[in-house]
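What follows is the content of input-v6.pdb, which has PDB, C-alpha atoms and all ligand atoms:
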```pdb
MODEL        1
ATOM      1  CA  MET A  14     226.219  80.669 202.585
ATOM      2  CA  GLN A  15     225.708  83.652 204.874
ATOM      3  CA  LEU A  16     222.886  83.538 207.391
ATOM      4  CA  ILE A  17     221.394  87.034 207.678
ATOM      5  CA  ARG A  18     220.705  87.414 211.371
ATOM      6  CA  GLY A  19     217.796  89.793 211.648
ATOM      7  CA  LYS A  20     217.815  89.643 215.401
ATOM      8  CA  GLU A  21     221.322  91.109 215.541
ATOM      9  CA  VAL A  22     220.631  93.865 213.014
ATOM     10  CA  ALA A  23     217.399  94.666 214.868
ATOM     11  CA  GLU A  24     219.450  95.176 218.032
ATOM     12  CA  THR A  25     221.519  97.792 216.192
ATOM     13  CA  VAL A  26     218.329  99.602 215.110
ATOM     14  CA  LEU A  27     217.002  99.435 218.666
ATOM     15  CA  ALA A  28     220.268 100.819 220.040
ATOM     16  CA  GLU A  29     219.826 103.831 217.711
ATOM     17  CA  CYS A  30     216.256 104.142 218.978
ATOM     18  CA  ARG A  31     217.415 104.163 222.604
ATOM     19  CA  GLU A  32     219.790 106.996 221.843
ATOM     20  CA  GLU A  33     217.079 109.066 220.148
ATOM     21  CA  ILE A  34     214.641 108.388 222.966
ATOM     22  CA  ALA A  35     217.212 109.681 225.449
ATOM     23  CA  HIS A  36     217.578 112.897 223.379
ATOM     24  CA  LEU A  37     213.808 113.377 223.264
ATOM     25  CA  LYS A  38     213.445 112.683 226.975
ATOM     26  CA  ALA A  39     216.077 115.333 227.662
ATOM     27  CA  ARG A  40     213.609 117.732 225.975
ATOM     28  CA  GLY A  41     210.821 116.424 228.203
ATOM     29  CA  ILE A  42     209.249 114.369 225.388
ATOM     30  CA  THR A  43     208.346 110.664 225.469
ATOM     31  CA  PRO A  44     207.365 109.103 222.126
ATOM     32  CA  GLY A  45     203.968 107.391 222.367
ATOM     33  CA  LEU A  46     202.532 104.539 220.302
ATOM     34  CA  ALA A  47     198.928 103.332 220.264
ATOM     35  CA  VAL A  48     198.325  99.810 218.985
ATOM     36  CA  VAL A  49     194.763  98.783 218.164
ATOM     37  CA  LEU A  50     193.563  95.223 217.677
ATOM     38  CA  VAL A  51     190.015  94.338 216.703
ATOM     39  CA  GLY A  52     188.991  90.720 217.199
ATOM     40  CA  ASP A  53     190.745  87.749 218.683
ATOM     41  CA  ASP A  54     192.979  86.301 215.984
ATOM     42  CA  PRO A  55     195.713  84.629 218.049
ATOM     43  CA  ALA A  56     198.582  85.550 215.693
ATOM     44  CA  SER A  57     197.508  89.214 215.556
ATOM     45  CA  ARG A  58     197.143  89.273 219.316
ATOM     46  CA  ALA A  59     200.665  87.890 219.703
ATOM     47  CA  TYR A  60     201.992  90.591 217.330
ATOM     48  CA  VAL A  61     200.336  93.513 219.111
ATOM     49  CA  ARG A  62     201.496  92.260 222.492
ATOM     50  CA  SER A  63     205.074  91.956 221.316
ATOM     51  CA  LYS A  64     204.889  95.510 219.877
ATOM     52  CA  ASP A  65     203.609  96.752 223.220
ATOM     53  CA  ARG A  66     206.327  94.850 225.113
ATOM     54  CA  LYS A  67     209.061  96.328 222.927
ATOM     55  CA  CYS A  68     207.761  99.843 223.597
ATOM     56  CA  GLN A  69     207.950  99.222 227.310
ATOM     57  CA  GLU A  70     211.459  97.783 227.025
ATOM     58  CA  LEU A  71     212.604 100.960 225.278
ATOM     59  CA  GLY A  72     210.800 103.327 227.626
ATOM     60  CA  LEU A  73     208.269 104.466 225.025
ATOM     61  CA  TYR A  74     204.773 105.347 226.176
ATOM     62  CA  SER A  75     202.422 102.756 224.767
ATOM     63  CA  VAL A  76     198.734 102.072 224.914
ATOM     64  CA  ARG A  77     197.126  98.898 223.659
ATOM     65  CA  HIS A  78     193.454  98.797 222.708
ATOM     66  CA  GLU A  79     192.165  95.244 222.304
ATOM     67  CA  LEU A  80     188.598  95.525 221.049
ATOM     68  CA  SER A  81     186.023  92.782 220.606
ATOM     69  CA  ALA A  82     185.318  91.296 217.175
ATOM     70  CA  GLU A  83     181.873  92.966 217.348
ATOM     71  CA  THR A  84     183.336  96.487 217.433
ATOM     72  CA  THR A  85     181.549  98.632 214.853
ATOM     73  CA  GLN A  86     183.120 100.773 212.158
ATOM     74  CA  ASP A  87     181.902 103.903 213.970
ATOM     75  CA  GLU A  88     183.372 102.822 217.300
ATOM     76  CA  LEU A  89     186.723 102.121 215.675
ATOM     77  CA  LEU A  90     186.635 105.452 213.812
ATOM     78  CA  ALA A  91     185.866 107.231 217.075
ATOM     79  CA  LEU A  92     188.893 105.605 218.722
ATOM     80  CA  VAL A  93     191.153 106.586 215.809
ATOM     81  CA  ARG A  94     189.933 110.200 216.019
ATOM     82  CA  GLN A  95     190.537 110.237 219.765
ATOM     83  CA  LEU A  96     194.101 108.970 219.221
ATOM     84  CA  ASN A  97     194.672 111.535 216.420
ATOM     85  CA  ALA A  98     193.794 114.264 218.927
ATOM     86  CA  ASP A  99     195.865 112.849 221.808
ATOM     87  CA  PRO A 100     199.134 114.825 222.114
ATOM     88  CA  ALA A 101     200.793 111.959 224.056
ATOM     89  CA  ILE A 102     200.352 109.657 221.040
ATOM     90  CA  HIS A 103     202.720 110.099 218.077
ATOM     91  CA  GLY A 104     202.126 106.781 216.330
ATOM     92  CA  ILE A 105     198.894 104.873 215.630
ATOM     93  CA  LEU A 106     198.767 101.310 214.367
ATOM     94  CA  VAL A 107     195.597  99.358 213.667
ATOM     95  CA  GLN A 108     196.548  95.709 213.293
ATOM     96  CA  SER A 109     195.685  94.231 209.907
ATOM     97  CA  PRO A 110     193.557  92.386 208.939
ATOM     98  CA  PRO A 111     190.501  93.543 210.897
ATOM     99  CA  PRO A 112     187.286  91.449 210.959
ATOM    100  CA  PRO A 113     185.450  91.406 207.593
ATOM    101  CA  HIS A 114     182.693  93.877 208.589
ATOM    102  CA  ILE A 115     185.318  96.616 209.060
ATOM    103  CA  ASP A 116     186.157  98.831 206.072
ATOM    104  CA  GLU A 117     189.919  98.812 206.592
ATOM    105  CA  ALA A 118     190.684 101.408 203.913
ATOM    106  CA  ALA A 119     188.330 103.900 205.570
ATOM    107  CA  ILE A 120     189.995 103.290 208.938
ATOM    108  CA  VAL A 121     193.444 103.829 207.445
ATOM    109  CA  ARG A 122     192.262 107.069 205.790
ATOM    110  CA  ALA A 123     191.011 108.297 209.167
ATOM    111  CA  ILE A 124     194.466 108.021 210.763
ATOM    112  CA  ASP A 125     196.380 111.306 210.821
ATOM    113  CA  PRO A 126     199.112 110.704 208.177
ATOM    114  CA  ALA A 127     201.622 112.355 210.549
ATOM    115  CA  LYS A 128     200.898 109.528 213.047
ATOM    116  CA  ASP A 129     200.608 106.707 210.487
ATOM    117  CA  VAL A 130     203.714 104.764 211.547
ATOM    118  CA  ASP A 131     202.561 101.793 209.421
ATOM    119  CA  GLY A 132     202.846 103.887 206.262
ATOM    120  CA  PHE A 133     199.455 102.647 205.007
ATOM    121  CA  HIS A 134     197.716 106.039 204.587
ATOM    122  CA  PRO A 135     197.373 107.217 200.942
ATOM    123  CA  VAL A 136     199.479 110.301 201.765
ATOM    124  CA  ASN A 137     202.353 108.091 202.922
ATOM    125  CA  VAL A 138     201.957 105.685 200.001
ATOM    126  CA  ALA A 139     202.278 108.721 197.722
ATOM    127  CA  LYS A 140     205.274 110.069 199.632
ATOM    128  CA  LEU A 141     207.053 106.734 199.201
ATOM    129  CA  ALA A 142     206.383 106.806 195.457
ATOM    130  CA  LEU A 143     207.579 110.426 195.376
ATOM    131  CA  GLU A 144     210.688 109.559 197.454
ATOM    132  CA  ASP A 145     209.692 112.197 200.015
ATOM    133  CA  PRO A 146     211.689 111.394 203.189
ATOM    134  CA  THR A 147     209.087 112.958 205.513
ATOM    135  CA  GLY A 148     206.684 110.086 204.816
ATOM    136  CA  PHE A 149     206.349 106.781 206.654
ATOM    137  CA  VAL A 150     207.369 103.539 204.968
ATOM    138  CA  PRO A 151     205.750 100.252 206.026
ATOM    139  CA  CYS A 152     207.937  98.610 208.674
ATOM    140  CA  THR A 153     208.430  95.188 207.077
ATOM    141  CA  PRO A 154     209.821  96.302 203.705
ATOM    142  CA  LEU A 155     211.846  99.004 205.457
ATOM    143  CA  GLY A 156     213.285  96.276 207.678
ATOM    144  CA  CYS A 157     214.130  94.121 204.639
ATOM    145  CA  GLN A 158     215.974  97.026 203.014
ATOM    146  CA  ARG A 159     217.904  97.694 206.231
ATOM    147  CA  LEU A 160     218.829  93.990 206.460
ATOM    148  CA  LEU A 161     220.243  94.019 202.935
ATOM    149  CA  GLN A 162     222.260  97.138 203.653
ATOM    150  CA  ALA A 163     223.544  95.895 207.015
ATOM    151  CA  SER A 164     224.607  92.641 205.369
ATOM    152  CA  GLY A 165     226.645  94.422 202.717
ATOM    153  CA  ILE A 166     224.381  93.340 199.851
ATOM    154  CA  GLU A 167     224.503  95.787 196.960
ATOM    155  CA  THR A 168     221.077  96.579 195.551
ATOM    156  CA  ARG A 169     222.319  99.038 192.933
ATOM    157  CA  GLY A 170     221.928  97.469 189.506
ATOM    158  CA  ALA A 171     220.799  94.162 191.018
ATOM    159  CA  HIS A 172     217.704  92.403 189.712
ATOM    160  CA  ALA A 173     215.338  92.160 192.671
ATOM    161  CA  VAL A 174     212.332  89.882 192.212
ATOM    162  CA  ILE A 175     209.483  90.244 194.682
ATOM    163  CA  VAL A 176     206.956  87.444 195.098
ATOM    164  CA  GLY A 177     203.769  89.043 196.452
ATOM    165  CA  ARG A 178     202.013  92.334 195.711
ATOM    166  CA  SER A 179     200.448  93.272 199.051
ATOM    167  CA  MET A 180     200.122  96.851 200.250
ATOM    168  CA  ILE A 181     201.981  95.825 203.431
ATOM    169  CA  VAL A 182     205.051  94.275 201.790
ATOM    170  CA  GLY A 183     205.224  93.644 198.031
ATOM    171  CA  LYS A 184     204.276  97.063 196.633
ATOM    172  CA  PRO A 185     206.221  99.220 199.110
ATOM    173  CA  MET A 186     209.205  96.845 198.789
ATOM    174  CA  ALA A 187     209.213  97.437 195.039
ATOM    175  CA  LEU A 188     209.108 101.219 195.519
ATOM    176  CA  LEU A 189     211.954 101.132 198.059
ATOM    177  CA  LEU A 190     214.216  98.956 195.939
ATOM    178  CA  MET A 191     213.664 101.052 192.808
ATOM    179  CA  ALA A 192     214.117 104.395 194.604
ATOM    180  CA  LYS A 193     217.259 106.386 193.924
ATOM    181  CA  GLY A 194     220.186 106.002 196.319
ATOM    182  CA  PRO A 195     221.624 103.555 198.866
ATOM    183  CA  GLY A 196     219.448 100.484 199.402
ATOM    184  CA  GLY A 197     217.700 101.264 196.109
ATOM    185  CA  ASP A 198     218.701 101.606 192.451
ATOM    186  CA  ALA A 199     217.637  98.009 191.782
ATOM    187  CA  THR A 200     215.844  96.678 188.734
ATOM    188  CA  VAL A 201     212.600  95.381 190.186
ATOM    189  CA  THR A 202     210.174  92.717 189.037
ATOM    190  CA  VAL A 203     206.979  92.120 191.012
ATOM    191  CA  THR A 204     205.352  88.683 190.699
ATOM    192  CA  HIS A 205     202.225  87.320 192.349
ATOM    193  CA  SER A 206     199.727  84.480 192.498
ATOM    194  CA  ARG A 207     198.675  84.979 188.856
ATOM    195  CA  THR A 208     202.178  85.147 187.442
ATOM    196  CA  GLN A 209     202.848  82.541 184.781
ATOM    197  CA  ASN A 210     206.017  80.471 184.829
ATOM    198  CA  LEU A 211     207.141  81.928 188.139
ATOM    199  CA  PRO A 212     210.334  79.866 188.523
ATOM    200  CA  ALA A 213     211.680  81.198 185.205
ATOM    201  CA  ILE A 214     211.323  84.731 186.571
ATOM    202  CA  THR A 215     212.542  84.136 190.122
ATOM    203  CA  ARG A 216     215.580  82.321 188.691
ATOM    204  CA  GLN A 217     216.661  85.681 187.274
ATOM    205  CA  ALA A 218     216.761  87.224 190.752
ATOM    206  CA  ASP A 219     219.977  88.414 192.330
ATOM    207  CA  ILE A 220     217.784  89.319 195.300
ATOM    208  CA  LEU A 221     214.571  87.372 195.909
ATOM    209  CA  ILE A 222     211.984  88.720 198.336
ATOM    210  CA  ALA A 223     209.420  86.070 199.303
ATOM    211  CA  ALA A 224     206.242  87.698 200.628
ATOM    212  CA  ILE A 225     203.298  85.564 199.556
ATOM    213  CA  GLY A 226     202.205  84.079 202.873
ATOM    214  CA  ARG A 227     202.365  80.448 201.774
ATOM    215  CA  PRO A 228     204.504  78.063 203.797
ATOM    216  CA  HIS A 229     207.580  76.705 201.985
ATOM    217  CA  PHE A 230     206.347  78.029 198.625
ATOM    218  CA  ILE A 231     209.785  78.993 197.294
ATOM    219  CA  ARG A 232     211.766  75.881 196.397
ATOM    220  CA  ALA A 233     215.181  75.121 194.921
ATOM    221  CA  GLU A 234     213.733  75.407 191.380
ATOM    222  CA  HIS A 235     213.021  79.122 192.009
ATOM    223  CA  ILE A 236     216.602  80.037 192.877
ATOM    224  CA  LYS A 237     219.559  81.187 190.834
ATOM    225  CA  PRO A 238     222.708  79.869 192.526
ATOM    226  CA  GLY A 239     224.366  82.672 194.465
ATOM    227  CA  ALA A 240     221.133  84.632 195.007
ATOM    228  CA  VAL A 241     220.259  86.504 198.187
ATOM    229  CA  VAL A 242     216.914  85.395 199.637
ATOM    230  CA  ILE A 243     214.823  87.440 202.065
ATOM    231  CA  ASP A 244     211.979  85.421 203.572
ATOM    232  CA  VAL A 245     209.139  87.636 204.805
ATOM    233  CA  GLY A 246     206.766  84.744 205.541
ATOM    234  CA  ILE A 247     205.446  84.068 209.028
ATOM    235  CA  ASN A 248     203.201  81.012 208.625
ATOM    236  CA  ARG A 249     201.823  78.817 211.372
ATOM    237  CA  ILE A 250     201.815  75.136 210.451
ATOM    238  CA  ASP A 251     200.550  72.240 212.572
ATOM    239  CA  ASP A 252     203.272  70.466 214.480
ATOM    240  CA  PRO A 253     202.024  67.924 217.024
ATOM    241  CA  THR A 254     205.591  67.429 218.305
ATOM    242  CA  SER A 255     205.800  71.038 219.513
ATOM    243  CA  GLU A 256     204.372  72.201 222.813
ATOM    244  CA  LYS A 257     202.062  74.767 221.202
ATOM    245  CA  GLY A 258     200.861  72.346 218.519
ATOM    246  CA  TYR A 259     202.223  74.539 215.738
ATOM    247  CA  ARG A 260     205.444  76.050 214.526
ATOM    248  CA  ILE A 261     206.370  79.104 212.489
ATOM    249  CA  VAL A 262     207.823  78.633 209.021
ATOM    250  CA  GLY A 263     208.668  81.045 206.237
ATOM    251  CA  ASP A 264     207.604  81.279 202.592
ATOM    252  CA  VAL A 265     210.902  79.617 201.660
ATOM    253  CA  ALA A 266     211.745  75.908 201.956
ATOM    254  CA  PHE A 267     214.874  76.839 203.867
ATOM    255  CA  ASP A 268     216.601  73.445 203.931
ATOM    256  CA  GLU A 269     216.625  72.979 200.168
ATOM    257  CA  VAL A 270     217.081  76.658 199.231
ATOM    258  CA  ALA A 271     219.786  77.737 201.695
ATOM    259  CA  PRO A 272     222.618  75.653 200.178
ATOM    260  CA  LEU A 273     222.106  77.442 196.837
ATOM    261  CA  CYS A 274     222.217  80.958 198.287
ATOM    262  CA  ARG A 275     224.870  83.548 198.848
ATOM    263  CA  ALA A 276     222.823  84.767 201.823
ATOM    264  CA  ILE A 277     219.422  83.986 203.309
ATOM    265  CA  THR A 278     217.283  85.069 206.252
ATOM    266  CA  PRO A 279     216.052  82.428 208.711
ATOM    267  CA  VAL A 280     212.473  82.194 210.026
ATOM    268  CA  PRO A 281     212.124  82.928 212.866
ATOM    269  CA  GLY A 282     214.898  85.410 213.656
ATOM    270  CA  GLY A 283     215.154  87.061 210.244
ATOM    271  CA  VAL A 284     212.715  89.715 209.025
ATOM    272  CA  GLY A 285     210.360  89.445 212.041
ATOM    273  CA  PRO A 286     212.550  91.226 214.609
ATOM    274  CA  MET A 287     213.354  93.914 212.031
ATOM    275  CA  THR A 288     209.676  94.772 211.510
ATOM    276  CA  ILE A 289     209.198  95.589 215.165
ATOM    277  CA  ALA A 290     212.497  97.500 215.401
ATOM    278  CA  LEU A 291     211.488  99.677 212.430
ATOM    279  CA  LEU A 292     208.086 100.276 214.037
ATOM    280  CA  MET A 293     209.900 101.713 217.038
ATOM    281  CA  SER A 294     212.078 103.757 214.705
ATOM    282  CA  ASN A 295     209.025 105.068 212.785
ATOM    283  CA  THR A 296     207.344 106.017 216.065
ATOM    284  CA  ILE A 297     210.386 108.040 217.102
ATOM    285  CA  LYS A 298     210.454 109.705 213.669
ATOM    286  CA  ALA A 299     206.767 110.628 214.050
ATOM    287  CA  CYS A 300     207.460 112.029 217.493
ATOM    288  CA  ARG A 301     210.421 114.069 216.235
ATOM    289  CA  GLN A 302     208.416 115.483 213.323
ATOM    290  CA  LEU A 303     205.361 116.271 215.458
ATOM    291  CA  THR A 304     207.388 117.992 218.163
ATOM    292  CA  ALA A 305     209.928 119.790 215.963
ATOM    293  CA  THR A 306     210.396 123.351 217.144
ATOM    294  CA  THR A 307     211.990 124.742 213.984
TER     295      THR A 307
HETATM  296  N1  LIG B 401     199.636  92.857 209.832
HETATM  297  C1  LIG B 401     200.738  92.241 209.355
HETATM  298  N2  LIG B 401     201.772  93.103 209.300
HETATM  299  C2  LIG B 401     201.314  94.294 209.759
HETATM  300  C3  LIG B 401     201.900  95.566 209.945
HETATM  301  O1  LIG B 401     203.076  95.807 209.666
HETATM  302  N3  LIG B 401     201.080  96.530 210.448
HETATM  303  C4  LIG B 401     199.790  96.307 210.740
HETATM  304  N4  LIG B 401     199.072  97.321 211.217
HETATM  305  N5  LIG B 401     199.209  95.142 210.566
HETATM  306  C5  LIG B 401     199.962  94.132 210.079
ENDMDL
END
```

Translate this file's structure into structure tokens.
Ligand code: GUN
Amino acid sequence: MQLIRGKEVAETVLAECREEIAHLKARGITPGLAVVLVGDDPASRAYVRSKDRKCQELGLYSVRHELSAETTQDELLALVRQLNADPAIHGILVQSPPPPHIDEAAIVRAIDPAKDVDGFHPVNVAKLALEDPTGFVPCTPLGCQRLLQASGIETRGAHAVIVGRSMIVGKPMALLLMAKGPGGDATVTVTHSRTQNLPAITRQADILIAAIGRPHFIRAEHIKPGAVVIDVGINRIDDPTSEKGYRIVGDVAFDEVAPLCRAITPVPGGVGPMTIALLMSNTIKACRQLTATT
């Protein structure tokens, strides 16, 4: 069994980012990312702070807007428009999910697609479906694809089964894996919470992507021996023995699944670090495209 070390692959992505940042800085350009959080969900707050920290580590310009849970739709829209117009900002990310009174789709539509480093804007969703390389692909599925490639796992002709159909992971993951070319060319099945007889389908997977957001949902019965398992889950579960009172576990019951696998990602240290590395990479891409002189 091969442990797919996301942290190490993420370092490779970040090293590429550092190189590109140096090139841009030589042209007098610093890529800038704005991260917006509405409300005080502790997990979301931890994510946006770690995104901000990574920007600073790399020498990117970053601004973090942490807004109260009472922020109105109009106030949030006004901030997005201000960031769209700010030439120092090349990437805009509004942390999902926002509080329930916010119309998230309308916020996403207000983001300039050229700055939509999350790849959530309808223009970028369409570009992914169209295999247009100028678009932005959501960071988590892009990170999963990169992990497979860096680990020497052939997707071409493989049966990839995705558990979860979210706009953030499941759907874009399916589009990436079925796209033509390296890291794609897979036969893709998308399953979800209403799928009947799930284990019979996941047991056909050469590559299983678990992205349902339920702790330890994928068990030994879901696995074909020799499968590759990518665990996208980041779930907080109570753990009185830990200092924080909780610990992070994936969507996969690692201890019983890992012995059956050819390769598997751990949680933490698997997909998580890749997501943030690809966010940096998307921000640099946005900067390059927005500042291109030819
Ligand atoms: N919430 C969970 N994952 C993500 C992500 O990749 N981007 C944003 N904006 N929100 C998220």

Evaluate the PyMOL selection byres (((chain A and resi 62) around 12) and not hetatm) here and jot the selected residues down as a PDB file with C-alpha atoms, in the frame of the given file.
```
ATOM      1  CA  ALA A  47     198.928 103.332 220.264  1.00  0.00           C
ATOM      2  CA  VAL A  48     198.325  99.810 218.985  1.00  0.00           C
ATOM      3  CA  VAL A  49     194.763  98.783 218.164  1.00  0.00           C
ATOM      4  CA  LEU A  50     193.563  95.223 217.677  1.00  0.00           C
ATOM      5  CA  PRO A  55     195.713  84.629 218.049  1.00  0.00           C
ATOM      6  CA  ALA A  56     198.582  85.550 215.693  1.00  0.00           C
ATOM      7  CA  SER A  57     197.508  89.214 215.556  1.00  0.00           C
ATOM      8  CA  ARG A  58     197.143  89.273 219.316  1.00  0.00           C
ATOM      9  CA  ALA A  59     200.665  87.890 219.703  1.00  0.00           C
ATOM     10  CA  TYR A  60     201.992  90.591 217.330  1.00  0.00           C
ATOM     11  CA  VAL A  61     200.336  93.513 219.111  1.00  0.00           C
ATOM     12  CA  SER A  63     205.074  91.956 221.316  1.00  0.00           C
ATOM     13  CA  LYS A  64     204.889  95.510 219.877  1.00  0.00           C
ATOM     14  CA  ASP A  65     203.609  96.752 223.220  1.00  0.00           C
ATOM     15  CA  ARG A  66     206.327  94.850 225.113  1.00  0.00           C
ATOM     16  CA  LYS A  67     209.061  96.328 222.927  1.00  0.00           C
ATOM     17  CA  CYS A  68     207.761  99.843 223.597  1.00  0.00           C
ATOM     18  CA  GLN A  69     207.950  99.222 227.310  1.00  0.00           C
ATOM     19  CA  SER A  75     202.422 102.756 224.767  1.00  0.00           C
ATOM     20  CA  VAL A  76     198.734 102.072 224.914  1.00  0.00           C
ATOM     21  CA  ARG A  77     197.126  98.898 223.659  1.00  0.00           C
ATOM     22  CA  HIS A  78     193.454  98.797 222.708  1.00  0.00           C
ATOM     23  CA  GLU A  79     192.165  95.244 222.304  1.00  0.00           C
ATOM     24  CA  GLN A 108     196.548  95.709 213.293  1.00  0.00           C
ATOM     25  CA  ILE A 289     209.198  95.589 215.165  1.00  0.00           C
TER      26      ILE A 289
END
```

At most 7 Å from ligand LIG 401 (chain B) (only C-alpha atoms and all ligand atoms): residue list as a list of chain:residue names: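 Based on only C-alpha atoms and all ligand atoms, ligand LIG 401 (chain B) is surrounded within 7 Å by A:Leu106, A:Val107, A:Gln108, A:Ser109, A:Pro110, A:Asp131, A:Pro151, A:Cys152, A:Thr153, A:Ile181, A:Thr288.
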
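Remark: for Gly132 of chain A, the closest of the candidate residues A:Thr147, A:Thr208, A:Thr278, A:Thr43 is A:Thr147 (distances computed over all atoms listed in the file).
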
Picked residues, the PyMOL selection byres (((chain A and resi 279) around 8) and not hetatm), expected as a ChimeraX atom specification: /A:16-18,244,263,267,277-278,280-283

Which residue of A:Pro100, A:Pro272, A:Gly72, A:Gly246 approaches Leu37 of chain A most closely, using only C-alpha atoms: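 For Leu37 of chain A, the nearest of the given residues is A:Gly72.
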
From A:Met14, A:Phe149, A:Arg301, A:His36, residue lying nearest Val270 of chain A [all atoms listed in the file]: A:Met14

Test item: which residues lie within 12 Å of (210.9, 77.3, 201.5) counting only C-alpha atoms, as a PDB file with C-alpha atoms, keeping the file's coordinate frame:
```pdb
ATOM      1  CA  ILE A 222     211.984  88.720 198.336  1.00  0.00           C
ATOM      2  CA  ALA A 223     209.420  86.070 199.303  1.00  0.00           C
ATOM      3  CA  ALA A 224     206.242  87.698 200.628  1.00  0.00           C
ATOM      4  CA  ILE A 225     203.298  85.564 199.556  1.00  0.00           C
ATOM      5  CA  GLY A 226     202.205  84.079 202.873  1.00  0.00           C
ATOM      6  CA  ARG A 227     202.365  80.448 201.774  1.00  0.00           C
ATOM      7  CA  PRO A 228     204.504  78.063 203.797  1.00  0.00           C
ATOM      8  CA  HIS A 229     207.580  76.705 201.985  1.00  0.00           C
ATOM      9  CA  PHE A 230     206.347  78.029 198.625  1.00  0.00           C
ATOM     10  CA  ILE A 231     209.785  78.993 197.294  1.00  0.00           C
ATOM     11  CA  ARG A 232     211.766  75.881 196.397  1.00  0.00           C
ATOM     12  CA  ALA A 233     215.181  75.121 194.921  1.00  0.00           C
ATOM     13  CA  GLU A 234     213.733  75.407 191.380  1.00  0.00           C
ATOM     14  CA  HIS A 235     213.021  79.122 192.009  1.00  0.00           C
ATOM     15  CA  ILE A 236     216.602  80.037 192.877  1.00  0.00           C
ATOM     16  CA  VAL A 242     216.914  85.395 199.637  1.00  0.00           C
ATOM     17  CA  ILE A 243     214.823  87.440 202.065  1.00  0.00           C
ATOM     18  CA  ASP A 244     211.979  85.421 203.572  1.00  0.00           C
ATOM     19  CA  VAL A 245     209.139  87.636 204.805  1.00  0.00           C
ATOM     20  CA  GLY A 246     206.766  84.744 205.541  1.00  0.00           C
ATOM     21  CA  ILE A 247     205.446  84.068 209.028  1.00  0.00           C
ATOM     22  CA  ASN A 248     203.201  81.012 208.625  1.00  0.00           C
ATOM     23  CA  VAL A 262     207.823  78.633 209.021  1.00  0.00           C
ATOM     24  CA  GLY A 263     208.668  81.045 206.237  1.00  0.00           C
ATOM     25  CA  ASP A 264     207.604  81.279 202.592  1.00  0.00           C
ATOM     26  CA  VAL A 265     210.902  79.617 201.660  1.00  0.00           C
ATOM     27  CA  ALA A 266     211.745  75.908 201.956  1.00  0.00           C
ATOM     28  CA  PHE A 267     214.874  76.839 203.867  1.00  0.00           C
ATOM     29  CA  ASP A 268     216.601  73.445 203.931  1.00  0.00           C
ATOM     30  CA  GLU A 269     216.625  72.979 200.168  1.00  0.00           C
ATOM     31  CA  VAL A 270     217.081  76.658 199.231  1.00  0.00           C
ATOM     32  CA  ALA A 271     219.786  77.737 201.695  1.00  0.00           C
ATOM     33  CA  PRO A 272     222.618  75.653 200.178  1.00  0.00           C
ATOM     34  CA  ILE A 277     219.422  83.986 203.309  1.00  0.00           C
ATOM     35  CA  THR A 278     217.283  85.069 206.252  1.00  0.00           C
ATOM     36  CA  PRO A 279     216.052  82.428 208.711  1.00  0.00           C
ATOM     37  CA  VAL A 280     212.473  82.194 210.026  1.00  0.00           C
TER      38      VAL A 280
END
```

Selected residue, from A:Gly285, A:Gly183, A:Pro253, A:Gly165, that lies nearest to Lys20 of chain A when counting all atoms listed in the file: A:Gly285

Between atom CA of Pro146 of chain A and atom CA of Gln95 of chain A - distance in Å to one decimal: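 Here the two named atoms are 26.9 Å from each other.
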
Using all atoms listed in the file: which of A:Leu90, A:Leu211, A:Val138, A:Ala163 has the shortest distance to Lys184 of chain A: A:Val138

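Distances here use only C-alpha atoms; by that measure, the residue among A:Gln15, A:Asp219, A:Val182, A:Lys298 closest to Arg275 of chain A is A:Gln15.
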
Ground truth for the PyMOL selection byres (((chain A and resi 113) around 12) and not hetatm), written as a PyMOL selection string: chain A and resi 51-52+82-86+109-112+114-118

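The neighbours of Gln158 of chain A here are the residues that come within 9 Å of it, using all atoms listed in the file and leaving out any residue fewer than 4 positions away in the same chain; they are Thr153, Pro154, Gln162, Ala163, Met186, Leu189, Leu190, Gly196 and Gly197 of chain A.
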
Saved segment 51-56 of chain A from the preceding structure, N, CA, C and O atoms, as a PDB file, in the first residue's frame:
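Everything below was put into decode-v6.pdb:
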```
ATOM      1  N   VAL A  51     -17.723  35.474   5.584  1.00  0.00           N
ATOM      2  CA  VAL A  51     -18.878  36.077   6.245  1.00  0.00           C
ATOM      3  C   VAL A  51     -19.324  35.126   7.356  1.00  0.00           C
ATOM      4  O   VAL A  51     -19.590  33.959   7.091  1.00  0.00           O
ATOM      5  N   GLY A  52     -19.385  35.664   8.584  1.00  0.00           N
ATOM      6  CA  GLY A  52     -19.826  34.834   9.700  1.00  0.00           C
ATOM      7  C   GLY A  52     -18.651  34.283  10.477  1.00  0.00           C
ATOM      8  O   GLY A  52     -17.492  34.574  10.160  1.00  0.00           O
ATOM      9  N   ASP A  53     -18.977  33.467  11.497  1.00  0.00           N
ATOM     10  CA  ASP A  53     -17.899  33.071  12.398  1.00  0.00           C
ATOM     11  C   ASP A  53     -17.778  31.560  12.549  1.00  0.00           C
ATOM     12  O   ASP A  53     -17.398  31.058  13.605  1.00  0.00           O
ATOM     13  N   ASP A  54     -18.093  30.822  11.486  1.00  0.00           N
ATOM     14  CA  ASP A  54     -17.888  29.378  11.539  1.00  0.00           C
ATOM     15  C   ASP A  54     -16.403  29.095  11.789  1.00  0.00           C
ATOM     16  O   ASP A  54     -15.551  29.557  11.037  1.00  0.00           O
ATOM     17  N   PRO A  55     -16.101  28.362  12.866  1.00  0.00           N
ATOM     18  CA  PRO A  55     -14.683  28.193  13.229  1.00  0.00           C
ATOM     19  C   PRO A  55     -13.856  27.475  12.155  1.00  0.00           C
ATOM     20  O   PRO A  55     -12.702  27.833  11.924  1.00  0.00           O
ATOM     21  N   ALA A  56     -14.444  26.469  11.493  1.00  0.00           N
ATOM     22  CA  ALA A  56     -13.684  25.741  10.469  1.00  0.00           C
ATOM     23  C   ALA A  56     -13.376  26.666   9.295  1.00  0.00           C
ATOM     24  O   ALA A  56     -12.240  26.733   8.812  1.00  0.00           O
TER      25      ALA A  56
END
```
